[in-house]
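Source file: final03.pdb. Holds: PDB, C-alpha atoms.
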ATOM      1  CA  MET B  99     -53.796  -2.530 -37.616
ATOM      2  CA  ARG B 100     -53.469  -6.220 -38.407
ATOM      3  CA  TYR B 101     -54.894  -9.009 -36.281
ATOM      4  CA  SER B 102     -54.564 -12.714 -36.793
ATOM      5  CA  LEU B 103     -56.612 -15.493 -35.310
ATOM      6  CA  VAL B 104     -54.470 -17.868 -33.303
ATOM      7  CA  SER B 105     -54.861 -21.518 -34.206
ATOM      8  CA  LYS B 106     -55.467 -24.029 -31.425
ATOM      9  CA  ALA B 107     -51.976 -25.500 -31.982
ATOM     10  CA  ASN B 108     -50.354 -22.089 -31.678
ATOM     11  CA  ALA B 109     -52.429 -21.265 -28.627
ATOM     12  CA  LEU B 110     -51.232 -24.483 -27.009
ATOM     13  CA  ALA B 111     -47.642 -23.675 -27.916
ATOM     14  CA  MET B 112     -48.069 -20.326 -26.240
ATOM     15  CA  GLN B 113     -49.178 -22.126 -23.092
ATOM     16  CA  GLU B 114     -45.922 -24.063 -22.990
ATOM     17  CA  ASN B 115     -44.491 -21.897 -20.277
ATOM     18  CA  THR B 116     -47.603 -21.161 -18.290
ATOM     19  CA  ARG B 117     -47.783 -23.833 -15.643
ATOM     20  CA  PRO B 118     -49.253 -22.576 -12.379
ATOM     21  CA  MET B 119     -46.761 -21.271  -9.863
ATOM     22  CA  LYS B 120     -46.620 -20.748  -6.147
ATOM     23  CA  ILE B 121     -47.322 -17.057  -6.262
ATOM     24  CA  ASP B 122     -49.544 -16.411  -3.263
ATOM     25  CA  SER B 123     -46.668 -14.956  -1.330
ATOM     26  CA  GLY B 124     -45.113 -12.822  -3.979
ATOM     27  CA  VAL B 125     -47.154 -11.027  -6.593
ATOM     28  CA  GLY B 126     -45.295  -7.855  -7.488
ATOM     29  CA  VAL B 127     -46.565  -5.103  -9.750
ATOM     30  CA  ARG B 128     -44.402  -2.689 -11.716
ATOM     31  CA  ARG B 129     -44.513  -0.568 -14.846
ATOM     32  CA  VAL B 130     -44.216  -2.403 -18.121
ATOM     33  CA  ARG B 131     -40.859  -2.635 -19.923
ATOM     34  CA  ALA B 132     -40.166  -3.214 -23.606
ATOM     35  CA  ALA B 133     -38.951  -6.707 -22.769
ATOM     36  CA  ASP B 134     -42.406  -7.584 -21.336
ATOM     37  CA  ILE B 135     -44.301  -6.919 -24.563
ATOM     38  CA  PRO B 136     -43.788 -10.372 -26.137
ATOM     39  CA  SER B 137     -45.195 -11.905 -22.917
ATOM     40  CA  VAL B 138     -48.120  -9.470 -22.951
ATOM     41  CA  ILE B 139     -48.850 -10.321 -26.592
ATOM     42  CA  ALA B 140     -48.674 -14.051 -25.858
ATOM     43  CA  LEU B 141     -50.904 -13.763 -22.774
ATOM     44  CA  ASP B 142     -53.499 -11.714 -24.634
ATOM     45  CA  ALA B 143     -53.429 -14.161 -27.559
ATOM     46  CA  ARG B 144     -53.985 -17.087 -25.181
ATOM     47  CA  VAL B 145     -56.953 -15.359 -23.576
ATOM     48  CA  THR B 146     -58.596 -13.869 -26.678
ATOM     49  CA  ASN B 147     -57.376 -16.282 -29.382
ATOM     50  CA  LEU B 148     -56.413 -13.225 -31.387
ATOM     51  CA  ALA B 149     -52.781 -12.174 -31.887
ATOM     52  CA  LYS B 150     -52.473  -8.394 -32.039
ATOM     53  CA  THR B 151     -48.731  -7.726 -32.200
ATOM     54  CA  GLU B 152     -49.041  -4.376 -33.918
ATOM     55  CA  TYR B 153     -51.749  -3.238 -31.507
ATOM     56  CA  TRP B 154     -49.724  -4.102 -28.397
ATOM     57  CA  ASN B 155     -46.582  -2.455 -29.721
ATOM     58  CA  ASP B 156     -48.659   0.648 -30.336
ATOM     59  CA  VAL B 157     -50.208   0.457 -26.846
ATOM     60  CA  PHE B 158     -46.719   0.157 -25.365
ATOM     61  CA  ARG B 159     -45.564   3.243 -27.291
ATOM     62  CA  ARG B 160     -48.576   5.247 -26.064
ATOM     63  CA  TYR B 161     -49.063   3.909 -22.547
ATOM     64  CA  GLY B 162     -45.678   2.547 -21.628
ATOM     65  CA  LYS B 163     -43.561   5.483 -22.732
ATOM     66  CA  GLN B 164     -45.624   8.660 -22.991
ATOM     67  CA  ARG B 165     -47.474  10.871 -20.491
ATOM     68  CA  LEU B 166     -46.584   8.475 -17.717
ATOM     69  CA  HIS B 167     -48.027  10.806 -15.077
ATOM     70  CA  GLU B 168     -51.532   9.958 -16.334
ATOM     71  CA  ARG B 169     -51.086   6.699 -18.227
ATOM     72  CA  PHE B 170     -50.400   3.424 -16.464
ATOM     73  CA  PHE B 171     -49.430   0.158 -18.093
ATOM     74  CA  LEU B 172     -48.559  -2.194 -15.248
ATOM     75  CA  VAL B 173     -47.550  -5.843 -15.201
ATOM     76  CA  ALA B 174     -47.632  -8.434 -12.423
ATOM     77  CA  GLU B 175     -44.726 -10.748 -11.876
ATOM     78  CA  ASN B 176     -43.779 -13.503  -9.497
ATOM     79  CA  ARG B 177     -41.493 -11.903  -6.913
ATOM     80  CA  ALA B 178     -41.086 -15.196  -5.071
ATOM     81  CA  ASP B 179     -38.961 -16.503  -7.927
ATOM     82  CA  ARG B 180     -36.500 -13.936  -9.212
ATOM     83  CA  LYS B 181     -35.434 -16.146 -12.111
ATOM     84  CA  ASP B 182     -38.957 -16.470 -13.409
ATOM     85  CA  LEU B 183     -39.641 -13.420 -15.530
ATOM     86  CA  ARG B 184     -43.045 -14.419 -16.782
ATOM     87  CA  VAL B 185     -45.757 -11.804 -16.881
ATOM     88  CA  LEU B 186     -48.659 -13.093 -14.776
ATOM     89  CA  GLY B 187     -51.022 -10.374 -15.868
ATOM     90  CA  PHE B 188     -51.297  -6.759 -16.886
ATOM     91  CA  ILE B 189     -53.554  -3.764 -16.411
ATOM     92  CA  ILE B 190     -53.776  -0.568 -18.410
ATOM     93  CA  GLY B 191     -55.537   2.633 -17.529
ATOM     94  CA  GLU B 192     -55.350   6.358 -17.798
ATOM     95  CA  ILE B 193     -56.749   9.500 -16.310
ATOM     96  CA  ARG B 194     -59.309  11.126 -18.572
ATOM     97  CA  ALA B 195     -60.952  14.433 -17.875
ATOM     98  CA  TRP B 196     -64.080  16.258 -18.989
ATOM     99  CA  GLU B 197     -65.190  13.660 -21.489
ATOM    100  CA  PHE B 198     -68.835  12.696 -21.139
ATOM    101  CA  GLY B 199     -69.113  15.608 -18.710
ATOM    102  CA  SER B 200     -66.938  13.823 -16.193
ATOM    103  CA  THR B 201     -64.468  15.352 -13.799
ATOM    104  CA  PRO B 202     -60.999  13.711 -13.976
ATOM    105  CA  CYS B 203     -61.214  10.017 -13.266
ATOM    106  CA  GLY B 204     -59.127   6.902 -13.792
ATOM    107  CA  TRP B 205     -60.294   4.542 -16.524
ATOM    108  CA  VAL B 206     -59.186   0.933 -16.576
ATOM    109  CA  PHE B 207     -59.509  -0.333 -20.123
ATOM    110  CA  ALA B 208     -57.561  -3.581 -20.049
ATOM    111  CA  LEU B 209     -56.978  -6.226 -17.410
ATOM    112  CA  SER B 210     -55.816  -9.725 -18.102
ATOM    113  CA  VAL B 211     -54.477 -12.512 -15.901
ATOM    114  CA  ASP B 212     -52.831 -15.710 -17.075
ATOM    115  CA  PRO B 213     -55.644 -18.309 -16.911
ATOM    116  CA  GLU B 214     -53.284 -20.831 -15.323
ATOM    117  CA  ASN B 215     -52.480 -18.463 -12.505
ATOM    118  CA  ARG B 216     -55.867 -17.050 -11.615
ATOM    119  CA  LEU B 217     -57.342 -17.105  -8.097
ATOM    120  CA  HIS B 218     -53.970 -16.182  -6.616
ATOM    121  CA  GLY B 219     -54.677 -12.486  -6.130
ATOM    122  CA  VAL B 220     -52.935 -11.334  -9.320
ATOM    123  CA  GLY B 221     -55.954  -9.362 -10.582
ATOM    124  CA  SER B 222     -56.518  -7.805  -7.159
ATOM    125  CA  ALA B 223     -52.853  -6.804  -6.922
ATOM    126  CA  LEU B 224     -53.000  -5.168 -10.358
ATOM    127  CA  LEU B 225     -56.213  -3.298  -9.570
ATOM    128  CA  GLU B 226     -54.861  -2.180  -6.219
ATOM    129  CA  ALA B 227     -51.661  -0.933  -7.846
ATOM    130  CA  ILE B 228     -53.407   1.096 -10.517
ATOM    131  CA  SER B 229     -55.841   2.483  -7.905
ATOM    132  CA  ALA B 230     -52.826   3.692  -5.947
ATOM    133  CA  GLU B 231     -51.401   5.342  -9.073
ATOM    134  CA  PHE B 232     -54.707   7.071  -9.791
ATOM    135  CA  LYS B 233     -54.926   8.297  -6.204
ATOM    136  CA  LYS B 234     -51.336   9.513  -6.285
ATOM    137  CA  ALA B 235     -52.202  11.452  -9.435
ATOM    138  CA  GLY B 236     -55.061  13.145  -7.582
ATOM    139  CA  VAL B 237     -58.199  11.443  -8.836
ATOM    140  CA  GLY B 238     -60.738   9.913  -6.510
ATOM    141  CA  LYS B 239     -62.764   7.746  -8.872
ATOM    142  CA  MET B 240     -61.952   4.738 -10.998
ATOM    143  CA  ARG B 241     -64.149   3.400 -13.821
ATOM    144  CA  THR B 242     -64.225   0.533 -16.227
ATOM    145  CA  MET B 243     -66.688  -1.022 -18.649
ATOM    146  CA  VAL B 244     -67.667  -4.683 -18.691
ATOM    147  CA  ALA B 245     -69.965  -6.552 -21.066
ATOM    148  CA  ARG B 246     -73.143  -7.555 -19.220
ATOM    149  CA  ASP B 247     -72.640 -11.208 -20.072
ATOM    150  CA  ALA B 248     -68.913 -11.316 -19.266
ATOM    151  CA  ARG B 249     -69.452 -13.221 -16.042
ATOM    152  CA  LEU B 250     -65.866 -13.634 -14.867
ATOM    153  CA  PRO B 251     -64.675 -10.008 -15.172
ATOM    154  CA  MET B 252     -68.042  -8.809 -13.877
ATOM    155  CA  LEU B 253     -67.751 -10.973 -10.742
ATOM    156  CA  PHE B 254     -64.150  -9.869 -10.289
ATOM    157  CA  PHE B 255     -64.789  -6.121 -10.501
ATOM    158  CA  ARG B 256     -67.851  -6.448  -8.275
ATOM    159  CA  SER B 257     -65.857  -8.367  -5.690
ATOM    160  CA  GLU B 258     -63.388  -5.494  -5.720
ATOM    161  CA  GLY B 259     -66.174  -3.148  -4.674
ATOM    162  CA  MET B 260     -67.009  -1.607  -8.041
ATOM    163  CA  MET B 261     -70.660  -0.630  -8.500
ATOM    164  CA  ALA B 262     -72.681   0.710 -11.429
ATOM    165  CA  GLY B 263     -71.791   4.323 -12.101
ATOM    166  CA  PRO B 264     -73.982   7.246 -13.100
ATOM    167  CA  ASN B 265     -73.521   6.723 -16.860
ATOM    168  CA  ILE B 266     -75.294   4.343 -19.186
ATOM    169  CA  GLN B 267     -73.456   3.272 -22.297
ATOM    170  CA  LEU B 268     -75.616   3.787 -25.397
ATOM    171  CA  GLU B 269     -75.071   2.523 -28.925
ATOM    172  CA  LYS B 270     -76.795   1.998 -32.255
ATOM    173  CA  ASP B 271     -76.228   0.092 -35.444
ATOM    174  CA  LEU B 272     -75.042   2.295 -38.274
ATOM    175  CA  ASP B 273     -76.994   1.113 -41.281
TER     176      ASP B 273
ATOM    177  CA  MET F 216     -86.872  -2.824  -8.788
ATOM    178  CA  ARG F 217     -88.915  -4.468  -6.056
ATOM    179  CA  LEU F 218     -88.178  -7.963  -4.852
ATOM    180  CA  GLN F 219     -90.829 -10.159  -3.324
ATOM    181  CA  ILE F 220     -90.737 -10.598   0.442
ATOM    182  CA  SER F 221     -89.669 -14.243   0.063
ATOM    183  CA  THR F 222     -86.706 -13.215  -2.097
ATOM    184  CA  ARG F 223     -85.583 -10.596   0.384
ATOM    185  CA  LEU F 224     -85.886 -13.061   3.247
ATOM    186  CA  ALA F 225     -83.919 -15.667   1.309
ATOM    187  CA  ILE F 226     -81.115 -13.188   0.643
ATOM    188  CA  PHE F 227     -81.039 -12.073   4.281
ATOM    189  CA  ALA F 228     -80.979 -15.699   5.404
ATOM    190  CA  VAL F 229     -78.070 -16.760   3.186
ATOM    191  CA  LEU F 230     -76.175 -13.632   4.176
ATOM    192  CA  GLU F 231     -76.570 -14.636   7.808
ATOM    193  CA  LEU F 232     -75.499 -18.194   7.058
ATOM    194  CA  THR F 233     -72.404 -17.003   5.176
ATOM    195  CA  ALA F 234     -71.410 -14.458   7.814
ATOM    196  CA  ARG F 235     -69.255 -17.063   9.537
ATOM    197  CA  GLU F 236     -67.783 -20.211   8.089
ATOM    198  CA  GLY F 237     -69.785 -23.304   9.008
ATOM    199  CA  CYS F 238     -72.420 -21.079  10.545
ATOM    200  CA  GLN F 239     -75.577 -22.920  11.538
ATOM    201  CA  LEU F 240     -78.732 -21.062  12.449
ATOM    202  CA  SER F 241     -82.380 -21.855  13.020
ATOM    203  CA  VAL F 242     -85.183 -19.935  11.343
ATOM    204  CA  ALA F 243     -85.974 -18.461  14.763
ATOM    205  CA  ASP F 244     -82.425 -17.078  15.016
ATOM    206  CA  ILE F 245     -82.681 -15.405  11.621
ATOM    207  CA  GLY F 246     -86.323 -14.369  12.009
ATOM    208  CA  GLU F 247     -85.548 -12.595  15.241
ATOM    209  CA  LYS F 248     -82.954 -10.320  13.637
ATOM    210  CA  TYR F 249     -85.207  -9.299  10.746
ATOM    211  CA  GLY F 250     -88.464  -9.296  12.674
ATOM    212  CA  VAL F 251     -90.177 -11.875  10.466
ATOM    213  CA  SER F 252     -92.275 -14.883  11.305
ATOM    214  CA  SER F 253     -90.549 -18.240  11.572
ATOM    215  CA  HIS F 254     -93.415 -19.724   9.616
ATOM    216  CA  HIS F 255     -92.739 -17.635   6.504
ATOM    217  CA  LEU F 256     -88.999 -18.031   6.831
ATOM    218  CA  ALA F 257     -89.333 -21.810   7.180
ATOM    219  CA  LYS F 258     -91.076 -21.956   3.803
ATOM    220  CA  VAL F 259     -88.293 -19.885   2.251
ATOM    221  CA  MET F 260     -85.609 -22.122   3.767
ATOM    222  CA  HIS F 261     -87.431 -25.174   2.512
ATOM    223  CA  VAL F 262     -87.312 -23.858  -1.068
ATOM    224  CA  MET F 263     -83.597 -23.103  -0.744
ATOM    225  CA  GLY F 264     -82.998 -26.535   0.753
ATOM    226  CA  ARG F 265     -84.804 -28.206  -2.124
ATOM    227  CA  ASN F 266     -82.561 -26.319  -4.534
ATOM    228  CA  GLY F 267     -79.326 -27.216  -2.782
ATOM    229  CA  LEU F 268     -78.394 -23.826  -1.371
ATOM    230  CA  VAL F 269     -78.845 -24.748   2.288
ATOM    231  CA  ARG F 270     -79.222 -27.950   4.233
ATOM    232  CA  SER F 271     -81.026 -28.568   7.440
ATOM    233  CA  VAL F 272     -79.212 -30.127  10.326
ATOM    234  CA  ARG F 273     -81.478 -32.055  12.648
ATOM    235  CA  GLY F 274     -81.297 -32.603  16.359
ATOM    236  CA  ALA F 275     -80.334 -30.463  19.303
ATOM    237  CA  GLY F 276     -78.349 -27.475  18.121
ATOM    238  CA  GLY F 277     -79.651 -28.077  14.611
ATOM    239  CA  GLY F 278     -80.656 -25.491  12.095
ATOM    240  CA  TYR F 279     -79.642 -24.528   8.592
ATOM    241  CA  GLN F 280     -76.226 -24.383   6.938
ATOM    242  CA  PHE F 281     -75.261 -22.779   3.669
ATOM    243  CA  VAL F 282     -73.814 -25.430   1.377
ATOM    244  CA  GLY F 283     -72.898 -23.481  -1.761
ATOM    245  CA  ASN F 284     -69.798 -21.494  -2.643
ATOM    246  CA  ALA F 285     -70.339 -17.935  -1.441
ATOM    247  CA  ARG F 286     -67.852 -16.701  -4.041
ATOM    248  CA  ARG F 287     -69.879 -18.218  -6.846
ATOM    249  CA  VAL F 288     -73.542 -18.078  -5.796
ATOM    250  CA  THR F 289     -75.048 -14.792  -6.928
ATOM    251  CA  LEU F 290     -78.104 -12.829  -5.878
ATOM    252  CA  LEU F 291     -79.683 -13.931  -9.154
ATOM    253  CA  ASP F 292     -79.257 -17.590  -8.180
ATOM    254  CA  VAL F 293     -81.184 -16.912  -4.978
ATOM    255  CA  ALA F 294     -83.762 -14.529  -6.437
ATOM    256  CA  GLN F 295     -84.823 -16.741  -9.305
ATOM    257  CA  LEU F 296     -85.906 -19.427  -6.864
ATOM    258  CA  PHE F 297     -88.729 -17.084  -5.886
ATOM    259  CA  GLU F 298     -89.274 -14.783  -8.860
ATOM    260  CA  ASP F 299     -89.690 -15.193 -12.569
ATOM    261  CA  LEU F 300     -86.772 -13.152 -13.840
ATOM    262  CA  SER F 301     -86.651 -14.624 -17.314
ATOM    263  CA  ALA F 302     -87.134 -12.424 -20.354
ATOM    264  CA  VAL F 303     -90.804 -11.811 -21.037
ATOM    265  CA  ASP F 304     -92.048 -13.366 -24.257
ATOM    266  CA  ARG F 305     -93.675 -10.885 -26.530
ATOM    267  CA  ASP F 306     -97.351 -11.417 -27.106
ATOM    268  CA  THR F 307     -97.775 -11.487 -30.866
ATOM    269  CA  SER F 308    -101.411 -10.472 -30.716
ATOM    270  CA  GLY F 309    -103.379  -7.508 -29.442
ATOM    271  CA  ALA F 310    -101.721  -4.351 -28.209
ATOM    272  CA  ASP F 311     -98.279  -5.973 -27.957
ATOM    273  CA  ALA F 312     -98.293  -6.653 -31.695
ATOM    274  CA  THR F 313     -98.556  -2.955 -32.543
ATOM    275  CA  PRO F 314     -95.368  -0.939 -33.212
ATOM    276  CA  GLU F 315     -96.069   0.877 -29.943
ATOM    277  CA  GLY F 316     -96.333  -2.418 -28.093
ATOM    278  CA  GLN F 317     -93.111  -3.678 -29.662
ATOM    279  CA  ALA F 318     -91.276  -0.458 -28.785
ATOM    280  CA  LEU F 319     -92.457  -0.676 -25.189
ATOM    281  CA  HIS F 320     -91.428  -4.327 -25.083
ATOM    282  CA  GLU F 321     -87.912  -3.386 -26.249
ATOM    283  CA  VAL F 322     -87.550  -0.790 -23.498
ATOM    284  CA  LEU F 323     -88.858  -3.130 -20.797
ATOM    285  CA  ASN F 324     -86.499  -5.856 -21.987
ATOM    286  CA  GLU F 325     -83.585  -3.464 -21.631
ATOM    287  CA  ILE F 326     -84.595  -2.783 -18.024
ATOM    288  CA  ASP F 327     -84.940  -6.521 -17.304
ATOM    289  CA  ASP F 328     -81.552  -7.269 -18.899
ATOM    290  CA  ILE F 329     -79.846  -4.711 -16.687
ATOM    291  CA  ALA F 330     -81.602  -6.014 -13.575
ATOM    292  CA  ARG F 331     -80.571  -9.601 -14.341
ATOM    293  CA  ALA F 332     -76.991  -8.557 -15.110
ATOM    294  CA  THR F 333     -76.761  -6.663 -11.823
ATOM    295  CA  LEU F 334     -78.174  -9.481  -9.693
ATOM    296  CA  GLY F 335     -76.041 -12.014 -11.573
ATOM    297  CA  SER F 336     -72.833 -10.107 -10.972
ATOM    298  CA  ILE F 337     -73.025  -9.872  -7.188
ATOM    299  CA  THR F 338     -72.015 -12.951  -5.253
ATOM    300  CA  LEU F 339     -72.872 -13.566  -1.622
ATOM    301  CA  ALA F 340     -69.221 -12.933  -0.744
ATOM    302  CA  THR F 341     -69.399  -9.557  -2.500
ATOM    303  CA  MET F 342     -72.649  -8.809  -0.648
ATOM    304  CA  ARG F 343     -70.924  -9.541   2.652
ATOM    305  CA  LYS F 344     -68.258  -6.989   1.733
ATOM    306  CA  LEU F 345     -71.004  -4.489   0.904
ATOM    307  CA  VAL F 346     -72.647  -5.170   4.259
ATOM    308  CA  ASP F 347     -69.318  -4.517   5.975
ATOM    309  CA  ARG F 348     -68.868  -1.301   4.020
ATOM    310  CA  HIS F 349     -72.299  -0.079   5.086
ATOM    311  CA  SER F 350     -71.546  -1.067   8.669
ATOM    312  CA  SER F 351     -68.396   1.018   8.729
ATOM    313  CA  SER F 352     -69.886   4.006   6.879
ATOM    314  CA  THR F 353     -72.945   4.220   9.113
ATOM    315  CA  GLY F 354     -71.124   3.186  12.257
ATOM    316  CA  ARG F 355     -73.843   0.551  12.756
ATOM    317  CA  ARG F 356     -72.180  -2.810  12.983
ATOM    318  CA  SER F 357     -74.074  -5.615  11.301
ATOM    319  CA  LYS F 358     -74.666  -8.014  14.137
ATOM    320  CA  PRO F 359     -74.917 -11.577  12.809
ATOM    321  CA  ALA F 360     -77.985 -13.477  13.954
ATOM    322  CA  ALA F 361     -76.918 -15.409  17.013
ATOM    323  CA  PRO F 362     -77.767 -19.066  17.587
ATOM    324  CA  ARG F 363     -80.145 -19.500  20.493
ATOM    325  CA  ARG F 364     -79.451 -21.726  23.430
ATOM    326  CA  ARG F 365     -80.139 -25.410  22.984
ATOM    327  CA  ASN F 366     -83.198 -25.580  25.197
ATOM    328  CA  GLN F 367     -85.042 -22.981  23.119
ATOM    329  CA  THR F 368     -87.487 -23.866  20.371
ATOM    330  CA  ARG F 369     -85.955 -24.775  17.046
ATOM    331  CA  SER F 370     -87.405 -25.486  13.692
TER     332      SER F 370
END
Please express the file's structure as structure tokens.
Amino acid sequence: MRYSLVSKANALAMQENTRPMKIDSGVGVRRVRAADIPSVIALDARVTNLAKTEYWNDVFRRYGKQRLHERFFLVAENRADRKDLRVLGFIIGEIRAWEFGSTPCGWVFALSVDPENRLHGVGSALLEAISAEFKKAGVGKMRTMVARDARLPMLFFRSEGMMAGPNIQLEKDLD
Amino acid sequence: MRLQISTRLAIFAVLELTAREGCQLSVADIGEKYGVSSHHLAKVMHVMGRNGLVRSVRGAGGGYQFVGNARRVTLLDVAQLFEDLSAVDRDTSGADATPEGQALHEVLNEIDDIARATLGSITLATMRKLVDRHSSSTGRRSKPAAPRRRNQTRS
């Protein structure tokens, strides 16, 4: 898998089409399509300063096309403006069972919202949509993992009612 | 984890003040709901006032108002006005300097880190949602402290 750091100039170029929109009234969430992937790659590169084209194409193959009954790759779009096809954000999750001794539960492992369009309910709409998919698939618990010092995502997930679960993540340096 | 009484009172007080927008309550109003003395609560409010979390409104009908952003102020912001929640410096002498002391220090630091992360991730707005959730699950509605009538004693 190849990754490339995005230069500041490139990051700015990627922001070219990201002015804030009037989206309060019309955030829509749907499954990802192949045509969305360039927008997803650009959004992720803007947020992380790391372009991961190969990674996202692979994620689309695995989560956008296969085992769709338990894998969910959803994007948010501005329904108020049909001509505007920008991806406002995306969320990816899947149902995993019996790992770590857990009964089936929905794991959210990626959530990103265009920085220029935050605080408009995009993240909440994405989380609500994937929760509904998990519920429809028969699971009653949703989990994610957030770095302790990642203030913004931590505040967001907490505000959505997520609390510490019964597991503690452990790790060690491999010398 | 145990919080000091002042910390708990401060959290209860700001939760009351954020229950309704522009809410203004006296220490007597809040103290009555939680069964605590106005004297103790007044000291707590004074500390929060000095640190810009609340402001006192003088005159008839006066009291305290929350002046922060409930979606940004966290429990950690409130708690660290009353408790020392910073990482404990390791004593480089005596028992703490032994491998056993260092190992214990590492474990205790892990506990402190988790406690700080938890308190720092819950805003007052999130706490209000939690209060509502507990109200609906227990069937016991959280009744906001009510302002007293104007002719009653205020602080």
Inset, instruction - Mind listing whatever residues come within 7 Å of the point (-66.0, -13.4, -3.2)? Use only C-alpha atoms, file coordinates, and give them as a PyMOL selection string. - result: (chain B and resi 257) or (chain F and resi 285-286+338+340-341)
Dump of C-alpha atoms for the selected residues, as a compact mmCIF listing (two decimals), keeping the file's coordinate frame:
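Final output, again-v1.txt:
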# COMPACT_ATOMS: atom_id res chain seq x y z
CA SER B 257 -65.86 -8.37 -5.69
CA ALA F 285 -70.34 -17.93 -1.44
CA ARG F 286 -67.85 -16.70 -4.04
CA THR F 338 -72.02 -12.95 -5.25
CA ALA F 340 -69.22 -12.93 -0.74
CA THR F 341 -69.40 -9.56 -2.50
Chain F residues near chain B within 9 Å, closest pair each, using all atoms listed in the file, as a Markdown table:
| residue | atom | partner | partner_atom | distance |
| --- | --- | --- | --- | --- |
| F:Arg286 | CA | B:Ser257 | CA | 8.7 |
| F:Arg287 | CA | B:Leu253 | CA | 8.5 |
| F:Asp328 | CA | B:Arg246 | CA | 8.4 |
| F:Ile329 | CA | B:Arg246 | CA | 7.7 |
| F:Ala332 | CA | B:Arg246 | CA | 5.7 |
| F:Thr333 | CA | B:Arg246 | CA | 8.3 |
| F:Gly335 | CA | B:Arg249 | CA | 8.1 |
| F:Ser336 | CA | B:Leu253 | CA | 5.2 |
| F:Ile337 | CA | B:Arg256 | CA | 6.3 |
| F:Thr338 | CA | B:Leu253 | CA | 7.2 |
| F:Ala340 | CA | B:Ser257 | CA | 7.5 |
| F:Thr341 | CA | B:Ser257 | CA | 4.9 |
| F:Met342 | CA | B:Ser257 | CA | 8.5 |
| F:Lys344 | CA | B:Gly259 | CA | 7.8 |
| F:Leu345 | CA | B:Gly259 | CA | 7.5 |
Let me know the centre plus edge lengths, in Å and rounded to one decimal, of a box with edges along x, y and z that contains all listed atoms of range 338-346 of chain F and is padded by 6 Å on every side, as JSON.
{"center_x": -70.6, "center_y": -9.0, "center_z": -0.5, "size_x": 16.6, "size_y": 21.1, "size_z": 21.5}
Legend entry - Hits from the PyMOL selection byres ((chain F and resi 293-296) around 9), listed as a PyMOL selection string: chain F and resi 218-219+221-223+225-226+229+262-263+266+268+288-292+297-301+334
Store the residues of this selection in a file with C-alpha atoms, as a short mmCIF file (atom, residue, chain, number, x, y, z; two decimals), in the coordinates of the input.
data_model
loop_
_atom_site.label_atom_id
_atom_site.label_comp_id
_atom_site.auth_asym_id
_atom_site.auth_seq_id
_atom_site.Cartn_x
_atom_site.Cartn_y
_atom_site.Cartn_z
CA LEU F 218 -88.18 -7.96 -4.85
CA GLN F 219 -90.83 -10.16 -3.32
CA SER F 221 -89.67 -14.24 0.06
CA THR F 222 -86.71 -13.22 -2.10
CA ARG F 223 -85.58 -10.60 0.38
CA ALA F 225 -83.92 -15.67 1.31
CA ILE F 226 -81.11 -13.19 0.64
CA VAL F 229 -78.07 -16.76 3.19
CA VAL F 262 -87.31 -23.86 -1.07
CA MET F 263 -83.60 -23.10 -0.74
CA ASN F 266 -82.56 -26.32 -4.53
CA LEU F 268 -78.39 -23.83 -1.37
CA VAL F 288 -73.54 -18.08 -5.80
CA THR F 289 -75.05 -14.79 -6.93
CA LEU F 290 -78.10 -12.83 -5.88
CA LEU F 291 -79.68 -13.93 -9.15
CA ASP F 292 -79.26 -17.59 -8.18
CA PHE F 297 -88.73 -17.08 -5.89
CA GLU F 298 -89.27 -14.78 -8.86
CA ASP F 299 -89.69 -15.19 -12.57
CA LEU F 300 -86.77 -13.15 -13.84
CA SER F 301 -86.65 -14.62 -17.31
CA LEU F 334 -78.17 -9.48 -9.69
#
Inset, instruction - Spell out the residues picked by the PyMOL selection byres ((chain B and resi 166) around 12) here, as a ChimeraX atom specification. - result: /B:129-130,158-165,167-172,190-193,231-232,235
Legend entry - 8 Å contact set for Thr242 in chain B, only C-alpha atoms, chain neighbours under 6 positions out, as a ChimeraX atom specification: /B:205-207
Legend entry - Distance in Å - CA of Cys203 in chain B versus CA of Lys233 in chain B: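 CA of Lys233 in chain B lies at a distance of 9.6 Å from CA of Cys203 in chain B.
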Legend entry - Point-to-point distance in Å for CA of Ala223 in chain B and CA of Asp179 in chain B: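 A separation of 17.0 Å between them.
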Hits from the PyMOL selection byres ((chain B and resi 200) around 12), listed as a PDB file with C-alpha atoms, keeping the file's coordinate frame:
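Printed below is expr_13.pdb as written:
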ATOM      1  CA  ILE B 193     -56.749   9.500 -16.310  1.00  0.00           C
ATOM      2  CA  ARG B 194     -59.309  11.126 -18.572  1.00  0.00           C
ATOM      3  CA  ALA B 195     -60.952  14.433 -17.875  1.00  0.00           C
ATOM      4  CA  TRP B 196     -64.080  16.258 -18.989  1.00  0.00           C
ATOM      5  CA  GLU B 197     -65.190  13.660 -21.489  1.00  0.00           C
ATOM      6  CA  PHE B 198     -68.835  12.696 -21.139  1.00  0.00           C
ATOM      7  CA  GLY B 199     -69.113  15.608 -18.710  1.00  0.00           C
ATOM      8  CA  THR B 201     -64.468  15.352 -13.799  1.00  0.00           C
ATOM      9  CA  PRO B 202     -60.999  13.711 -13.976  1.00  0.00           C
ATOM     10  CA  CYS B 203     -61.214  10.017 -13.266  1.00  0.00           C
ATOM     11  CA  GLY B 204     -59.127   6.902 -13.792  1.00  0.00           C
ATOM     12  CA  TRP B 205     -60.294   4.542 -16.524  1.00  0.00           C
ATOM     13  CA  VAL B 237     -58.199  11.443  -8.836  1.00  0.00           C
ATOM     14  CA  LYS B 239     -62.764   7.746  -8.872  1.00  0.00           C
ATOM     15  CA  MET B 240     -61.952   4.738 -10.998  1.00  0.00           C
ATOM     16  CA  ARG B 241     -64.149   3.400 -13.821  1.00  0.00           C
ATOM     17  CA  GLY B 263     -71.791   4.323 -12.101  1.00  0.00           C
ATOM     18  CA  PRO B 264     -73.982   7.246 -13.100  1.00  0.00           C
ATOM     19  CA  ASN B 265     -73.521   6.723 -16.860  1.00  0.00           C
TER      20      ASN B 265
END
